[in-house]
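This report refers to the structure that appears directly beneath it.
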Amino acid sequence: MHRFFPRIHVITDSIDVVRAVAGLADVAVQIRVKSTDAEAYALAVEAVETCRPAGTMVLVNDRVGVALAAGADGVHVGADDLPVPAARRVLGPHAVVGATCRNPQAARAAVADGASYLGVGPAFTTSTKDGLPPPLGPAAIAAVAEAVPGTPVLAIGGITADRVPLLAVHGVAAVAAFAEDPKGAAAAFLAALR
């Protein structure tokens, strides 16, 4: 799975962003809606309808029930969400289940629990999410990636195309970078990852 797992995860609450990146090579969409389950579900259903024919993976942030109900490919869970084994029980053995980690021990535990990939961050200072711990920086992120060989590790938090070469990871996930020009940002990130 590692080689073919999408290297760019576009985190969004905008169907316009989803439409812009659907079908792009090496890109997955992660639906993150801060309001209600109903709004998250409506967007996730629309995202799946847009992305499935284009071959683009759709994940739902935090909300396992929404991911299941919308027919998404999987979910990304953080520290305050359902644990990885519980999400896996709900979504089944073939679903993609991502987990947020900040250190090698947590990474190894998440992979042992059945995580498909890990989101590690914040890599750099970011303003797209409140209450985050201090940035880890490239060395700490590399240490997490080295702890779980064979598992895709995505850096998240303050990710810009010019910072990507600093990161020894499988890929990146970003919110703000895709807001203005989703296709252009995806191309810039892919170029930087190569």
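In the structure tokens, the first chain shown is A, the next is B, and so on; residue numbers restart at 1 for each chain, and ligands run from 1 in the order shown.
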- Please return as a ChimeraX atom specification: the residues of chain A that backbone DSSP assigns to helix (DSSP H, G or I). /A:15-21,37-51,64-70,84-91,104-112,137-147,164-166,176-178,182-193
- Task: List the neighbours of Ile141 (chain A) out to 10 Å using only C-alpha atoms; skip same-chain residues closer than 4 positions along the sequence, and give me the result as an MDAnalysis selection string.
- Result: chainID A and resid 101:104 119:123 135:137 145:146 153:156 167:169
Mind dumping the selected residues with N, CA and C atoms as a PDB file, in the first residue's frame?
```pdb
ATOM      1  N   CYS A 101      -0.172  11.400  15.277  1.00  0.00           N
ATOM      2  CA  CYS A 101       0.890  11.043  16.233  1.00  0.00           C
ATOM      3  C   CYS A 101       1.896  12.181  16.325  1.00  0.00           C
ATOM      4  N   ARG A 102       2.589  12.229  17.468  1.00  0.00           N
ATOM      5  CA  ARG A 102       3.615  13.261  17.653  1.00  0.00           C
ATOM      6  C   ARG A 102       4.974  12.699  18.043  1.00  0.00           C
ATOM      7  N   ASN A 103       5.058  11.389  18.300  1.00  0.00           N
ATOM      8  CA  ASN A 103       6.343  10.812  18.689  1.00  0.00           C
ATOM      9  C   ASN A 103       6.422   9.348  18.247  1.00  0.00           C
ATOM     10  N   PRO A 104       7.635   8.776  18.229  1.00  0.00           N
ATOM     11  CA  PRO A 104       7.808   7.399  17.748  1.00  0.00           C
ATOM     12  C   PRO A 104       6.985   6.366  18.510  1.00  0.00           C
ATOM     13  N   GLY A 119      -0.639  10.835  10.439  1.00  0.00           N
ATOM     14  CA  GLY A 119      -0.481  12.266  10.246  1.00  0.00           C
ATOM     15  C   GLY A 119       0.339  12.787  11.407  1.00  0.00           C
ATOM     16  N   VAL A 120       1.450  13.451  11.129  1.00  0.00           N
ATOM     17  CA  VAL A 120       2.368  13.881  12.182  1.00  0.00           C
ATOM     18  C   VAL A 120       2.549  15.394  12.121  1.00  0.00           C
ATOM     19  N   GLY A 121       2.302  16.037  13.239  1.00  0.00           N
ATOM     20  CA  GLY A 121       2.457  17.486  13.264  1.00  0.00           C
ATOM     21  C   GLY A 121       1.960  18.089  14.560  1.00  0.00           C
ATOM     22  N   PRO A 122       1.890  19.418  14.588  1.00  0.00           N
ATOM     23  CA  PRO A 122       2.195  20.318  13.473  1.00  0.00           C
ATOM     24  C   PRO A 122       3.696  20.352  13.159  1.00  0.00           C
ATOM     25  N   ALA A 123       3.997  20.308  11.863  1.00  0.00           N
ATOM     26  CA  ALA A 123       5.385  20.343  11.417  1.00  0.00           C
ATOM     27  C   ALA A 123       5.983  21.719  11.673  1.00  0.00           C
ATOM     28  N   PRO A 135       5.204  23.459  17.263  1.00  0.00           N
ATOM     29  CA  PRO A 135       5.639  22.718  16.078  1.00  0.00           C
ATOM     30  C   PRO A 135       6.736  21.706  16.410  1.00  0.00           C
ATOM     31  N   LEU A 136       6.698  20.562  15.732  1.00  0.00           N
ATOM     32  CA  LEU A 136       7.683  19.504  15.954  1.00  0.00           C
ATOM     33  C   LEU A 136       8.997  19.790  15.234  1.00  0.00           C
ATOM     34  N   GLY A 137       8.897  20.338  14.021  1.00  0.00           N
ATOM     35  CA  GLY A 137      10.096  20.546  13.215  1.00  0.00           C
ATOM     36  C   GLY A 137      10.473  19.286  12.450  1.00  0.00           C
ATOM     37  N   ALA A 145       8.716   9.022  11.383  1.00  0.00           N
ATOM     38  CA  ALA A 145       8.677   8.244  10.142  1.00  0.00           C
ATOM     39  C   ALA A 145       9.619   7.039  10.209  1.00  0.00           C
ATOM     40  N   GLU A 146      10.812   7.233  10.796  1.00  0.00           N
ATOM     41  CA  GLU A 146      11.788   6.147  10.902  1.00  0.00           C
ATOM     42  C   GLU A 146      11.307   5.050  11.842  1.00  0.00           C
ATOM     43  N   VAL A 153       3.761   8.106   6.284  1.00  0.00           N
ATOM     44  CA  VAL A 153       3.706   9.197   7.257  1.00  0.00           C
ATOM     45  C   VAL A 153       3.530  10.494   6.482  1.00  0.00           C
ATOM     46  N   LEU A 154       2.497  11.249   6.872  1.00  0.00           N
ATOM     47  CA  LEU A 154       2.217  12.540   6.247  1.00  0.00           C
ATOM     48  C   LEU A 154       2.484  13.645   7.253  1.00  0.00           C
ATOM     49  N   ALA A 155       3.287  14.613   6.864  1.00  0.00           N
ATOM     50  CA  ALA A 155       3.504  15.781   7.719  1.00  0.00           C
ATOM     51  C   ALA A 155       2.332  16.728   7.521  1.00  0.00           C
ATOM     52  N   ILE A 156       1.897  17.362   8.609  1.00  0.00           N
ATOM     53  CA  ILE A 156       0.795  18.320   8.547  1.00  0.00           C
ATOM     54  C   ILE A 156       1.108  19.507   9.442  1.00  0.00           C
ATOM     55  N   LEU A 167      11.342  17.868   4.688  1.00  0.00           N
ATOM     56  CA  LEU A 167      10.642  16.795   5.393  1.00  0.00           C
ATOM     57  C   LEU A 167      10.939  15.429   4.790  1.00  0.00           C
ATOM     58  N   ALA A 168      11.427  14.513   5.633  1.00  0.00           N
ATOM     59  CA  ALA A 168      11.708  13.146   5.184  1.00  0.00           C
ATOM     60  C   ALA A 168      10.486  12.279   5.467  1.00  0.00           C
ATOM     61  N   VAL A 169       9.441  12.443   4.638  1.00  0.00           N
ATOM     62  CA  VAL A 169       8.181  11.740   4.852  1.00  0.00           C
ATOM     63  C   VAL A 169       7.623  11.231   3.513  1.00  0.00           C
TER      64      VAL A 169
END
```
Neighbouring residues of Gly158 (chain A) were defined as those with any atom within 8 Å, considering only C-alpha atoms; residues of the same chain fewer than 3 positions away were excluded. Please report them as a short mmCIF file (atom, residue, chain, number, x, y, z; two decimals) with N, CA and C atoms, in the first residue's frame.
```
data_model
loop_
_atom_site.label_atom_id
_atom_site.label_comp_id
_atom_site.auth_asym_id
_atom_site.auth_seq_id
_atom_site.Cartn_x
_atom_site.Cartn_y
_atom_site.Cartn_z
N PRO A 122 1.89 19.42 14.59
CA PRO A 122 2.20 20.32 13.47
C PRO A 122 3.70 20.35 13.16
N ALA A 123 4.00 20.31 11.86
CA ALA A 123 5.39 20.34 11.42
C ALA A 123 5.98 21.72 11.67
N PHE A 124 5.19 22.75 11.31
CA PHE A 124 5.62 24.14 11.43
C PHE A 124 4.48 24.93 12.07
N THR A 125 4.72 26.17 12.38
CA THR A 125 3.67 27.02 12.95
C THR A 125 2.53 27.15 11.94
N THR A 126 1.29 27.02 12.44
CA THR A 126 0.13 27.11 11.56
C THR A 126 -1.00 27.83 12.28
N SER A 127 -1.87 28.45 11.50
CA SER A 127 -3.00 29.16 12.10
C SER A 127 -4.34 28.55 11.68
N ALA A 174 -2.44 19.31 3.99
CA ALA A 174 -2.52 20.74 4.22
C ALA A 174 -3.94 21.24 4.03
#
```
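One distance worth recording is that between CA of Asp37 (chain A) and CA of Leu91 (chain A), which is 17.0 Å.
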- Residues at most 10 Å from Thr160 (chain A), counting only C-alpha atoms, excluding those fewer than 4 positions away in the same chain, as a list in words?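 Once the adjacent positions are removed, what remains is Phe124, Ile156, Val164, Pro165, Val172, Ala173, Ala174, Ala176, Ala177, Phe178, Ala185, Ala188, Phe189 and Ala192 of chain A.
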Those same residues, written as a CSV table (one decimal), in the first residue's frame with N, CA, C and O atoms?
```csv
chain,number,residue,atom,x,y,z
A,124,PHE,N,5.2,22.7,11.3
A,124,PHE,CA,5.6,24.1,11.4
A,124,PHE,C,4.5,24.9,12.1
A,124,PHE,O,3.4,24.4,12.3
A,156,ILE,N,1.9,17.4,8.6
A,156,ILE,CA,0.8,18.3,8.5
A,156,ILE,C,1.1,19.5,9.4
A,156,ILE,O,1.8,19.4,10.4
A,164,VAL,N,8.5,21.6,1.9
A,164,VAL,CA,8.4,20.1,1.7
A,164,VAL,C,9.8,19.4,1.6
A,164,VAL,O,10.0,18.4,2.2
A,165,PRO,N,10.8,20.0,0.9
A,165,PRO,CA,12.1,19.4,0.8
A,165,PRO,C,12.8,19.2,2.2
A,165,PRO,O,13.7,18.4,2.3
A,172,VAL,N,2.4,14.8,2.4
A,172,VAL,CA,2.0,15.9,3.2
A,172,VAL,C,0.5,16.1,3.2
A,172,VAL,O,-0.2,15.7,2.3
A,173,ALA,N,0.0,16.8,4.2
A,173,ALA,CA,-1.4,17.1,4.3
A,173,ALA,C,-1.5,18.6,4.6
A,173,ALA,O,-0.7,19.1,5.4
A,174,ALA,N,-2.4,19.3,4.0
A,174,ALA,CA,-2.5,20.7,4.2
A,174,ALA,C,-3.9,21.2,4.0
A,174,ALA,O,-4.7,20.6,3.3
A,176,ALA,N,-4.8,25.3,4.4
A,176,ALA,CA,-4.8,26.6,3.8
A,176,ALA,C,-4.1,26.6,2.4
A,176,ALA,O,-4.5,27.4,1.6
A,177,ALA,N,-3.1,25.8,2.2
A,177,ALA,CA,-2.3,25.8,1.0
A,177,ALA,C,-3.2,25.6,-0.3
A,177,ALA,O,-2.9,26.0,-1.4
A,178,PHE,N,-4.3,24.9,0.0
A,178,PHE,CA,-5.2,24.5,-1.2
A,178,PHE,C,-6.4,25.5,-1.4
A,178,PHE,O,-7.2,25.3,-2.3
A,185,ALA,N,-1.5,24.3,-6.3
A,185,ALA,CA,-0.9,23.9,-5.0
A,185,ALA,C,-0.5,22.4,-5.1
A,185,ALA,O,0.6,22.0,-4.7
A,188,ALA,N,2.5,22.0,-7.2
A,188,ALA,CA,3.7,22.4,-6.6
A,188,ALA,C,4.2,21.5,-5.5
A,188,ALA,O,5.4,21.2,-5.4
A,189,PHE,N,3.2,20.9,-4.7
A,189,PHE,CA,3.6,19.9,-3.7
A,189,PHE,C,4.2,18.7,-4.3
A,189,PHE,O,5.2,18.1,-3.9
A,192,ALA,N,7.6,19.2,-5.4
A,192,ALA,CA,8.6,19.3,-4.3
A,192,ALA,C,8.8,18.0,-3.6
A,192,ALA,O,9.9,17.7,-3.1
```
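Separating CA of Gly55 (chain A) from CA of Ala42 (chain A) is a distance of 19.9 Å.
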- Task: Per DSSP on the backbone, filter region 4-194 of chain A down to the residues in strand (DSSP E or B) and report them as a ChimeraX atom specification.
- Result: /A:8-12,27-31,57-61,74-77,96-101,117-120,153-156,171-174
- Message: Show me, as a PyMOL selection string, the residues that have an atom within 9 Å of Thr12 (chain A) when counting only C-alpha atoms, minus same-chain residues fewer than 3 positions from it.
- Response: chain A and resi 15+17-18+29-33+174-176+178-179
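The nearest approach to Ala72 (chain A) among the residues A:Thr151, A:Ala28, A:Ala99, A:Ala112, with only C-alpha atoms taken into account, belongs to A:Ala28.
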With a distance cut-off of 10 Å and only C-alpha atoms, select the neighbouring residues of Cys51 (chain A), excluding the residue or stretch itself and same-chain residues fewer than 2 positions from it, and output the selection as a PDB file with all heavy atoms, in the first residue's frame.
```pdb
ATOM      1  N   VAL A  18     -12.700  20.257  -3.537  1.00  0.00           N
ATOM      2  CA  VAL A  18     -12.802  18.834  -3.866  1.00  0.00           C
ATOM      3  C   VAL A  18     -12.879  18.652  -5.380  1.00  0.00           C
ATOM      4  O   VAL A  18     -12.141  17.855  -5.963  1.00  0.00           O
ATOM      5  CB  VAL A  18     -14.037  18.195  -3.186  1.00  0.00           C
ATOM      6  CG1 VAL A  18     -14.270  16.777  -3.694  1.00  0.00           C
ATOM      7  CG2 VAL A  18     -13.876  18.208  -1.667  1.00  0.00           C
ATOM      8  N   ARG A  19     -13.757  19.421  -6.024  1.00  0.00           N
ATOM      9  CA  ARG A  19     -13.923  19.300  -7.482  1.00  0.00           C
ATOM     10  C   ARG A  19     -12.624  19.638  -8.215  1.00  0.00           C
ATOM     11  O   ARG A  19     -12.297  19.029  -9.229  1.00  0.00           O
ATOM     12  CB  ARG A  19     -15.030  20.231  -7.974  1.00  0.00           C
ATOM     13  CG  ARG A  19     -16.411  19.753  -7.600  1.00  0.00           C
ATOM     14  CD  ARG A  19     -17.498  20.575  -8.291  1.00  0.00           C
ATOM     15  NE  ARG A  19     -18.798  20.209  -7.781  1.00  0.00           N
ATOM     16  CZ  ARG A  19     -19.576  21.026  -7.057  1.00  0.00           C
ATOM     17  NH1 ARG A  19     -19.180  22.255  -6.776  1.00  0.00           N
ATOM     18  NH2 ARG A  19     -20.745  20.602  -6.613  1.00  0.00           N
ATOM     19  N   VAL A  21      -9.518  19.192  -7.286  1.00  0.00           N
ATOM     20  CA  VAL A  21      -8.423  18.215  -7.178  1.00  0.00           C
ATOM     21  C   VAL A  21      -8.844  16.789  -7.520  1.00  0.00           C
ATOM     22  O   VAL A  21      -7.988  15.913  -7.639  1.00  0.00           O
ATOM     23  CB  VAL A  21      -7.762  18.242  -5.772  1.00  0.00           C
ATOM     24  CG1 VAL A  21      -7.183  19.624  -5.493  1.00  0.00           C
ATOM     25  CG2 VAL A  21      -8.721  17.806  -4.685  1.00  0.00           C
ATOM     26  N   ALA A  22     -10.140  16.544  -7.682  1.00  0.00           N
ATOM     27  CA  ALA A  22     -10.604  15.188  -8.020  1.00  0.00           C
ATOM     28  C   ALA A  22      -9.948  14.733  -9.316  1.00  0.00           C
ATOM     29  O   ALA A  22      -9.929  15.460 -10.306  1.00  0.00           O
ATOM     30  CB  ALA A  22     -12.123  15.169  -8.152  1.00  0.00           C
ATOM     31  N   GLY A  23      -9.390  13.537  -9.273  1.00  0.00           N
ATOM     32  CA  GLY A  23      -8.759  12.979 -10.466  1.00  0.00           C
ATOM     33  C   GLY A  23      -7.290  13.294 -10.611  1.00  0.00           C
ATOM     34  O   GLY A  23      -6.627  12.717 -11.482  1.00  0.00           O
ATOM     35  N   LEU A  24      -6.754  14.191  -9.785  1.00  0.00           N
ATOM     36  CA  LEU A  24      -5.315  14.474  -9.855  1.00  0.00           C
ATOM     37  C   LEU A  24      -4.540  13.279  -9.306  1.00  0.00           C
ATOM     38  O   LEU A  24      -4.950  12.655  -8.327  1.00  0.00           O
ATOM     39  CB  LEU A  24      -4.958  15.726  -9.045  1.00  0.00           C
ATOM     40  CG  LEU A  24      -5.535  17.049  -9.535  1.00  0.00           C
ATOM     41  CD1 LEU A  24      -5.025  18.193  -8.653  1.00  0.00           C
ATOM     42  CD2 LEU A  24      -5.161  17.316 -10.990  1.00  0.00           C
ATOM     43  N   ALA A  28      -5.356  12.703  -2.311  1.00  0.00           N
ATOM     44  CA  ALA A  28      -6.546  12.255  -1.579  1.00  0.00           C
ATOM     45  C   ALA A  28      -7.227  13.492  -1.008  1.00  0.00           C
ATOM     46  O   ALA A  28      -6.588  14.523  -0.794  1.00  0.00           O
ATOM     47  CB  ALA A  28      -6.166  11.308  -0.451  1.00  0.00           C
ATOM     48  N   VAL A  29      -8.519  13.369  -0.765  1.00  0.00           N
ATOM     49  CA  VAL A  29      -9.292  14.458  -0.171  1.00  0.00           C
ATOM     50  C   VAL A  29      -9.691  14.040   1.234  1.00  0.00           C
ATOM     51  O   VAL A  29     -10.132  12.911   1.460  1.00  0.00           O
ATOM     52  CB  VAL A  29     -10.557  14.730  -1.022  1.00  0.00           C
ATOM     53  CG1 VAL A  29     -11.528  15.637  -0.281  1.00  0.00           C
ATOM     54  CG2 VAL A  29     -10.176  15.329  -2.359  1.00  0.00           C
ATOM     55  N   VAL A  45     -20.831  13.073   1.219  1.00  0.00           N
ATOM     56  CA  VAL A  45     -21.565  12.376   0.157  1.00  0.00           C
ATOM     57  C   VAL A  45     -21.243  13.009  -1.199  1.00  0.00           C
ATOM     58  O   VAL A  45     -20.955  12.311  -2.181  1.00  0.00           O
ATOM     59  CB  VAL A  45     -23.095  12.401   0.424  1.00  0.00           C
ATOM     60  CG1 VAL A  45     -23.881  12.014  -0.822  1.00  0.00           C
ATOM     61  CG2 VAL A  45     -23.435  11.477   1.589  1.00  0.00           C
ATOM     62  N   GLU A  46     -21.262  14.328  -1.251  1.00  0.00           N
ATOM     63  CA  GLU A  46     -20.960  15.035  -2.500  1.00  0.00           C
ATOM     64  C   GLU A  46     -19.507  14.774  -2.929  1.00  0.00           C
ATOM     65  O   GLU A  46     -19.220  14.588  -4.108  1.00  0.00           O
ATOM     66  CB  GLU A  46     -21.221  16.539  -2.324  1.00  0.00           C
ATOM     67  CG  GLU A  46     -21.496  17.238  -3.625  1.00  0.00           C
ATOM     68  CD  GLU A  46     -21.979  18.673  -3.463  1.00  0.00           C
ATOM     69  OE1 GLU A  46     -22.323  19.096  -2.337  1.00  0.00           O
ATOM     70  OE2 GLU A  46     -21.989  19.384  -4.482  1.00  0.00           O
ATOM     71  N   ALA A  47     -18.611  14.738  -1.958  1.00  0.00           N
ATOM     72  CA  ALA A  47     -17.199  14.474  -2.255  1.00  0.00           C
ATOM     73  C   ALA A  47     -17.020  13.070  -2.825  1.00  0.00           C
ATOM     74  O   ALA A  47     -16.291  12.867  -3.804  1.00  0.00           O
ATOM     75  CB  ALA A  47     -16.349  14.665  -1.010  1.00  0.00           C
ATOM     76  N   VAL A  48     -17.687  12.082  -2.216  1.00  0.00           N
ATOM     77  CA  VAL A  48     -17.586  10.703  -2.702  1.00  0.00           C
ATOM     78  C   VAL A  48     -18.150  10.610  -4.119  1.00  0.00           C
ATOM     79  O   VAL A  48     -17.552   9.981  -4.996  1.00  0.00           O
ATOM     80  CB  VAL A  48     -18.305   9.725  -1.739  1.00  0.00           C
ATOM     81  CG1 VAL A  48     -18.460   8.342  -2.372  1.00  0.00           C
ATOM     82  CG2 VAL A  48     -17.541   9.626  -0.422  1.00  0.00           C
ATOM     83  N   GLU A  49     -19.289  11.262  -4.366  1.00  0.00           N
ATOM     84  CA  GLU A  49     -19.891  11.238  -5.708  1.00  0.00           C
ATOM     85  C   GLU A  49     -18.964  11.874  -6.744  1.00  0.00           C
ATOM     86  O   GLU A  49     -18.916  11.445  -7.903  1.00  0.00           O
ATOM     87  CB  GLU A  49     -21.241  11.977  -5.703  1.00  0.00           C
ATOM     88  CG  GLU A  49     -22.336  11.199  -5.000  1.00  0.00           C
ATOM     89  CD  GLU A  49     -23.605  12.018  -4.772  1.00  0.00           C
ATOM     90  OE1 GLU A  49     -23.622  13.242  -5.086  1.00  0.00           O
ATOM     91  OE2 GLU A  49     -24.590  11.437  -4.268  1.00  0.00           O
ATOM     92  N   PRO A  53     -15.682   8.330  -9.124  1.00  0.00           N
ATOM     93  CA  PRO A  53     -15.476   8.062 -10.558  1.00  0.00           C
ATOM     94  C   PRO A  53     -14.100   8.525 -11.037  1.00  0.00           C
ATOM     95  O   PRO A  53     -13.568   7.985 -12.008  1.00  0.00           O
ATOM     96  CB  PRO A  53     -16.577   8.879 -11.253  1.00  0.00           C
ATOM     97  CG  PRO A  53     -17.541   9.267 -10.194  1.00  0.00           C
ATOM     98  CD  PRO A  53     -16.815   9.218  -8.888  1.00  0.00           C
ATOM     99  N   ALA A  54     -13.522   9.503 -10.351  1.00  0.00           N
ATOM    100  CA  ALA A  54     -12.213  10.042 -10.741  1.00  0.00           C
ATOM    101  C   ALA A  54     -11.058   9.247 -10.143  1.00  0.00           C
ATOM    102  O   ALA A  54      -9.897   9.511 -10.429  1.00  0.00           O
ATOM    103  CB  ALA A  54     -12.113  11.508 -10.305  1.00  0.00           C
ATOM    104  N   GLY A  55     -11.395   8.284  -9.257  1.00  0.00           N
ATOM    105  CA  GLY A  55     -10.354   7.464  -8.641  1.00  0.00           C
ATOM    106  C   GLY A  55      -9.623   8.142  -7.502  1.00  0.00           C
ATOM    107  O   GLY A  55      -8.510   7.758  -7.153  1.00  0.00           O
ATOM    108  N   THR A  56     -10.246   9.159  -6.900  1.00  0.00           N
ATOM    109  CA  THR A  56      -9.608   9.898  -5.808  1.00  0.00           C
ATOM    110  C   THR A  56     -10.144   9.420  -4.460  1.00  0.00           C
ATOM    111  O   THR A  56     -11.350   9.348  -4.266  1.00  0.00           O
ATOM    112  CB  THR A  56      -9.866  11.413  -5.968  1.00  0.00           C
ATOM    113  OG1 THR A  56      -9.288  11.835  -7.205  1.00  0.00           O
ATOM    114  CG2 THR A  56      -9.252  12.210  -4.824  1.00  0.00           C
ATOM    115  N   MET A  57      -9.226   9.104  -3.540  1.00  0.00           N
ATOM    116  CA  MET A  57      -9.579   8.650  -2.202  1.00  0.00           C
ATOM    117  C   MET A  57     -10.257   9.768  -1.411  1.00  0.00           C
ATOM    118  O   MET A  57      -9.803  10.907  -1.453  1.00  0.00           O
ATOM    119  CB  MET A  57      -8.305   8.193  -1.476  1.00  0.00           C
ATOM    120  CG  MET A  57      -8.510   7.702  -0.054  1.00  0.00           C
ATOM    121  SD  MET A  57      -6.919   7.322   0.768  1.00  0.00           S
ATOM    122  CE  MET A  57      -6.428   5.851  -0.129  1.00  0.00           C
ATOM    123  N   VAL A  58     -11.329   9.420  -0.674  1.00  0.00           N
ATOM    124  CA  VAL A  58     -12.003  10.380   0.195  1.00  0.00           C
ATOM    125  C   VAL A  58     -11.971   9.863   1.630  1.00  0.00           C
ATOM    126  O   VAL A  58     -12.434   8.758   1.919  1.00  0.00           O
ATOM    127  CB  VAL A  58     -13.479  10.603  -0.212  1.00  0.00           C
ATOM    128  CG1 VAL A  58     -14.170  11.548   0.767  1.00  0.00           C
ATOM    129  CG2 VAL A  58     -13.576  11.135  -1.632  1.00  0.00           C
ATOM    130  N   ALA A  72     -17.359   6.790   2.423  1.00  0.00           N
ATOM    131  CA  ALA A  72     -15.990   7.269   2.198  1.00  0.00           C
ATOM    132  C   ALA A  72     -15.005   6.099   2.263  1.00  0.00           C
ATOM    133  O   ALA A  72     -15.349   5.010   2.744  1.00  0.00           O
ATOM    134  CB  ALA A  72     -15.637   8.330   3.242  1.00  0.00           C
TER     135      ALA A  72
END
```
- Message: Using only C-alpha atoms, which protein or nucleic acid residues come within 12 Å of His94 (chain A)? Drop anything in the same chain fewer than 4 positions from it, and give the result as a list of chain:residue names.
- Response: A:Met1, A:Ala72, A:Asp73, A:Gly74, A:Val75, A:Ala87, A:Arg88, A:Arg89, A:Val90, A:Gly114, A:Ala115, A:Ser116
